[in-house]
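See below for data-v5.csv, which holds CSV, C-alpha atoms and all ligand atoms.
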chain,number,residue,atom,x,y,z
A,1,MET,CA,110.3,142.0,9.7
A,2,THR,CA,106.8,143.1,10.7
A,3,ALA,CA,105.1,142.4,13.9
A,4,VAL,CA,103.2,139.2,14.2
A,5,VAL,CA,100.1,140.8,15.7
A,6,THR,CA,99.3,144.2,14.3
A,7,ASP,CA,96.5,145.0,16.6
A,8,PRO,CA,97.6,144.6,20.3
A,9,ALA,CA,94.0,143.9,21.3
A,10,GLU,CA,94.2,140.7,19.3
A,11,ALA,CA,97.3,139.4,21.1
A,12,GLY,CA,95.6,137.9,24.1
A,13,ALA,CA,93.4,135.3,22.4
A,14,PRO,CA,96.1,133.3,20.6
A,15,LEU,CA,98.3,133.4,23.7
A,16,ALA,CA,95.5,132.1,25.8
A,17,ALA,CA,94.8,129.3,23.3
A,18,GLU,CA,98.5,128.4,23.1
A,19,ALA,CA,98.8,128.4,26.9
A,20,ALA,CA,95.8,126.2,27.3
A,21,ARG,CA,97.3,123.7,24.9
A,22,PHE,CA,100.7,123.6,26.6
A,23,ALA,CA,99.0,123.4,30.0
A,24,SER,CA,97.0,120.4,28.8
A,25,PHE,CA,100.4,118.7,28.1
A,26,GLY,CA,101.5,119.4,31.7
A,27,TRP,CA,104.2,121.8,30.6
A,28,MET,CA,102.9,124.8,32.5
A,29,ARG,CA,102.0,123.4,35.9
A,30,GLY,CA,101.4,125.4,39.0
A,31,THR,CA,101.2,128.8,37.0
A,32,SER,CA,104.7,128.2,35.6
A,33,GLY,CA,105.9,129.4,32.2
A,34,ASN,CA,104.9,132.2,30.0
A,35,LEU,CA,104.3,132.9,26.3
A,36,SER,CA,104.8,136.1,24.2
A,37,VAL,CA,104.1,137.5,20.8
A,38,VAL,CA,105.6,140.6,19.1
A,39,THR,CA,103.0,143.3,18.6
A,40,ASP,CA,105.4,146.0,17.3
A,41,ARG,CA,108.9,146.1,16.0
A,42,ASP,CA,109.8,149.8,16.3
A,43,PRO,CA,109.7,150.4,19.1
A,44,LEU,CA,109.7,146.8,20.1
A,45,ARG,CA,106.6,145.7,22.0
A,46,LEU,CA,105.6,142.3,23.1
A,47,ALA,CA,102.4,140.9,24.6
A,48,VAL,CA,103.3,138.5,27.4
A,49,THR,CA,101.0,136.2,29.4
A,50,ALA,CA,100.3,137.7,32.9
A,51,SER,CA,102.2,136.0,35.7
A,52,GLY,CA,100.7,134.1,38.6
A,53,LEU,CA,97.7,132.7,36.7
A,54,ASP,CA,96.8,129.2,35.9
A,55,LYS,CA,97.8,128.8,32.3
A,56,SER,CA,94.9,126.6,31.5
A,57,GLU,CA,92.5,129.4,32.4
A,58,LEU,CA,93.8,132.5,30.7
A,59,THR,CA,91.4,134.9,29.0
A,60,PRO,CA,92.3,137.2,26.1
A,61,ALA,CA,92.7,140.0,28.7
A,62,ASP,CA,95.4,138.2,30.7
A,63,VAL,CA,98.3,139.7,28.9
A,64,VAL,CA,100.8,142.5,29.8
A,65,PHE,CA,102.5,144.6,27.2
A,66,VAL,CA,106.3,145.1,27.6
A,67,ASP,CA,109.0,147.0,25.9
A,68,GLY,CA,112.3,145.7,24.5
A,69,ASP,CA,113.7,145.4,28.0
A,70,GLY,CA,110.7,143.6,29.4
A,71,ALA,CA,109.4,146.6,31.3
A,72,PRO,CA,105.6,147.1,31.3
A,73,VAL,CA,104.3,149.9,29.0
A,74,ASP,CA,100.7,150.0,30.0
A,75,GLY,CA,100.9,149.1,33.6
A,76,GLY,CA,100.4,145.6,34.8
A,77,ASN,CA,102.9,143.3,36.4
A,78,PRO,CA,104.8,141.1,33.9
A,79,SER,CA,106.8,138.2,35.0
A,80,ALA,CA,110.5,139.0,35.4
A,81,GLU,CA,111.0,136.4,32.6
A,82,ALA,CA,109.4,138.9,30.2
A,83,ALA,CA,112.8,140.5,29.9
A,84,LEU,CA,114.3,137.2,28.6
A,85,HIS,CA,111.5,137.0,26.0
A,86,ALA,CA,112.3,140.5,24.8
A,87,ARG,CA,116.0,139.6,24.7
A,88,VAL,CA,115.3,136.5,22.6
A,89,VAL,CA,113.3,138.6,20.2
A,90,ARG,CA,116.0,141.2,19.9
A,91,LEU,CA,118.6,138.5,19.4
A,92,THR,CA,116.8,136.2,16.9
A,93,GLY,CA,114.2,138.3,15.3
A,94,ALA,CA,111.6,135.8,16.4
A,95,GLY,CA,107.9,136.8,16.4
A,96,ALA,CA,106.9,134.6,19.3
A,97,VAL,CA,108.6,133.0,22.3
A,98,VAL,CA,107.5,130.0,24.4
A,99,HIS,CA,108.8,129.3,27.9
A,100,VAL,CA,107.7,126.1,29.6
A,101,HIS,CA,108.8,124.1,32.6
A,102,THR,CA,109.0,120.5,31.2
A,103,VAL,CA,110.2,117.5,33.1
A,104,ALA,CA,112.2,116.2,30.2
A,105,SER,CA,114.2,119.5,29.7
A,106,VAL,CA,115.2,119.6,33.4
A,107,ALA,CA,116.1,115.9,33.5
A,108,MET,CA,118.2,116.1,30.3
A,109,ALA,CA,120.0,119.3,31.4
A,110,ARG,CA,120.9,117.4,34.6
A,111,ARG,CA,122.4,114.6,32.5
A,112,HIS,CA,124.0,116.9,29.9
A,113,PRO,CA,124.9,120.3,31.5
A,114,GLN,CA,127.3,121.1,28.6
A,115,GLY,CA,124.5,120.7,26.0
A,116,ILE,CA,122.5,118.0,24.5
A,117,VAL,CA,123.7,116.4,21.2
A,118,LEU,CA,120.9,115.5,18.8
A,119,ARG,CA,121.7,113.5,15.7
A,120,ASP,CA,120.3,111.3,12.9
A,121,LEU,CA,116.7,112.1,13.7
A,122,GLU,CA,114.0,112.8,11.2
A,123,MET,CA,112.3,115.0,13.7
A,124,LEU,CA,115.2,117.5,13.5
A,125,LYS,CA,113.7,118.7,10.2
A,126,GLY,CA,110.9,120.1,12.4
A,127,LEU,CA,113.3,122.7,13.6
A,128,GLY,CA,114.0,123.8,10.1
A,129,LEU,CA,117.2,121.9,9.7
A,130,PRO,CA,117.9,120.8,6.1
A,131,ASP,CA,118.0,117.1,5.4
A,132,HIS,CA,121.8,116.8,5.4
A,133,GLU,CA,122.2,118.2,8.9
A,134,GLN,CA,122.9,115.2,11.1
A,135,GLU,CA,124.0,116.6,14.4
A,136,VAL,CA,123.3,119.7,16.4
A,137,LEU,CA,123.8,120.8,19.9
A,138,LEU,CA,120.8,122.0,21.9
A,139,PRO,CA,122.5,124.4,24.3
A,140,VAL,CA,122.0,124.2,28.1
A,141,ILE,CA,122.7,127.2,30.2
A,142,ALA,CA,122.9,127.6,34.0
A,143,ASN,CA,119.9,129.1,35.6
A,144,SER,CA,119.8,132.6,37.2
A,145,GLN,CA,117.2,134.9,38.8
A,146,ASP,CA,118.9,137.8,37.1
A,147,MET,CA,117.5,138.1,33.6
A,148,GLY,CA,120.5,140.1,32.4
A,149,VAL,CA,122.8,137.3,33.4
A,150,LEU,CA,120.5,134.6,31.9
A,151,GLY,CA,120.2,136.6,28.7
A,152,ASP,CA,124.0,136.9,28.4
A,153,ARG,CA,124.3,133.2,28.9
A,154,LEU,CA,121.7,132.5,26.3
A,155,GLU,CA,123.3,134.8,23.8
A,156,ALA,CA,126.7,133.2,24.3
A,157,ALA,CA,125.5,129.6,24.1
A,158,ARG,CA,122.9,130.0,21.4
A,159,GLU,CA,123.2,127.7,18.4
A,160,PRO,CA,121.8,129.8,15.5
A,161,ARG,CA,120.4,126.7,13.7
A,162,VAL,CA,118.4,125.7,16.8
A,163,PRO,CA,115.5,127.9,17.9
A,164,ALA,CA,115.7,126.7,21.6
A,165,VAL,CA,117.8,126.8,24.7
A,166,VAL,CA,117.4,124.7,27.8
A,167,VAL,CA,117.8,126.4,31.2
A,168,ALA,CA,119.2,123.9,33.7
A,169,GLY,CA,117.0,123.2,36.7
A,170,HIS,CA,114.3,125.3,35.1
A,171,GLY,CA,112.9,124.6,31.6
A,172,LEU,CA,112.9,125.5,28.0
A,173,TYR,CA,112.9,128.7,25.9
A,174,VAL,CA,111.8,128.1,22.3
A,175,TRP,CA,111.0,130.6,19.6
A,176,GLY,CA,109.6,131.0,16.1
A,177,ARG,CA,108.4,133.3,13.4
A,178,ASP,CA,104.9,133.3,14.9
A,179,PRO,CA,103.0,131.6,17.8
A,180,ARG,CA,102.1,128.6,15.6
A,181,ARG,CA,105.7,128.1,14.5
A,182,ALA,CA,107.0,128.6,18.1
A,183,ARG,CA,104.5,125.9,19.2
A,184,HIS,CA,105.7,123.5,16.6
A,185,HIS,CA,109.3,124.1,17.5
A,186,THR,CA,108.4,123.6,21.2
A,187,GLU,CA,106.6,120.3,20.5
A,188,VAL,CA,109.6,119.1,18.4
A,189,VAL,CA,112.2,120.0,21.0
A,190,GLU,CA,110.2,118.4,23.7
A,191,TRP,CA,109.7,115.2,21.6
A,192,LEU,CA,113.5,115.1,21.1
A,193,LEU,CA,114.2,115.5,24.8
A,194,GLU,CA,111.7,112.9,25.8
A,195,LEU,CA,113.2,110.5,23.3
A,196,GLU,CA,116.8,111.1,24.5
A,197,LEU,CA,115.6,110.6,28.1
A,198,THR,CA,114.3,107.1,27.3
A,199,VAL,CA,117.3,105.8,25.3
B,1,ZN,ZN,110.4,129.8,34.2
Go through the file and emit its structure as structure tokens.
Amino acid sequence: MTAVVTDPAEAGAPLAAEAARFASFGWMRGTSGNLSVVTDRDPLRLAVTASGLDKSELTPADVVFVDGDGAPVDGGNPSAEAALHARVVRLTGAGAVVHVHTVASVAMARRHPQGIVLRDLEMLKGLGLPDHEQEVLLPVIANSQDMGVLGDRLEAAREPRVPAVVVAGHGLYVWGRDPRRARHHTEVVEWLLELELTV
């Protein structure tokens, strides 16, 4: 699989645009969350949104490049969560990862710490599930400040058919082939969580 962005200099603009969109939804409040896109597969390189910035105000320069372990390769100070982005990419082959702190994901994880069952919903097709799939489990994992621990939990709990994991007390990790697909998956997962929260 090739990198999503072949010129690293072009990685910042789409990430800034995606971040502004998610921020407008209230999913990246108070500088929370981060987005990434794969810029090289061998060796693995990701562009990750810089930490500590208002995600509605990012410029194309507000990215940090990290390796397959989430360590910076050109200086800069990536969020510790960059390591989990890299782990998701290594695990799934995704080309882009979205991490947002949504109210619905935290509320639903509190109700369903063992995982969230989703069934009989047309919207599930937005996750790439075929028509006949009627029930899937959206995994919920316990939070940790240790990205190695969190990555192990994600790997153990991951449902291969579902490109998302909820981190209890924290938020969502969602991924896709490219930033656009990752965005669509995020919007679908959040729709499903908001629905389940209201029924
Ligand atoms: Zn977070």
request  = For range 94-106 of chain A, list every protein, DNA or RNA residue within 7 Å, evaluated using all atoms listed in the file, and leave out those in the same chain fewer than 3 positions away; present the list as a PyMOL selection string.
outcome  = chain A and resi 3-4+27-28+32-38+85+89+109-110+166+168-179+182+193-194+197
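Nearest to ligand ZN 1 (chain B) of all the residues A:Arg90, A:Arg29, A:Arg181, A:Arg119 is A:Arg29, based on all atoms listed in the file.
Taking only C-alpha atoms into account, the residues near (92.7, 140.0, 21.1), no farther than 12 Å, are A:Val5, A:Thr6, A:Asp7, A:Pro8, A:Ala9, A:Glu10, A:Ala11, A:Gly12, A:Ala13, A:Pro14, A:Leu15, A:Ala16, A:Ala17, A:Val37, A:Thr39, A:Ala47, A:Thr59, A:Pro60, A:Ala61, A:Asp62, A:Val63.
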Separating CA of Pro139 in chain A from CA of Val189 in chain A, to the nearest tenth of an Å, is a gap of 11.7 Å
* Extract, using all atoms listed in the file, all DNA, RNA and protein residues at most 6 Å from Val167 in chain A, discarding same-chain residues fewer than 6 positions from it, and format them as a PyMOL selection string. => chain A and resi 140-143
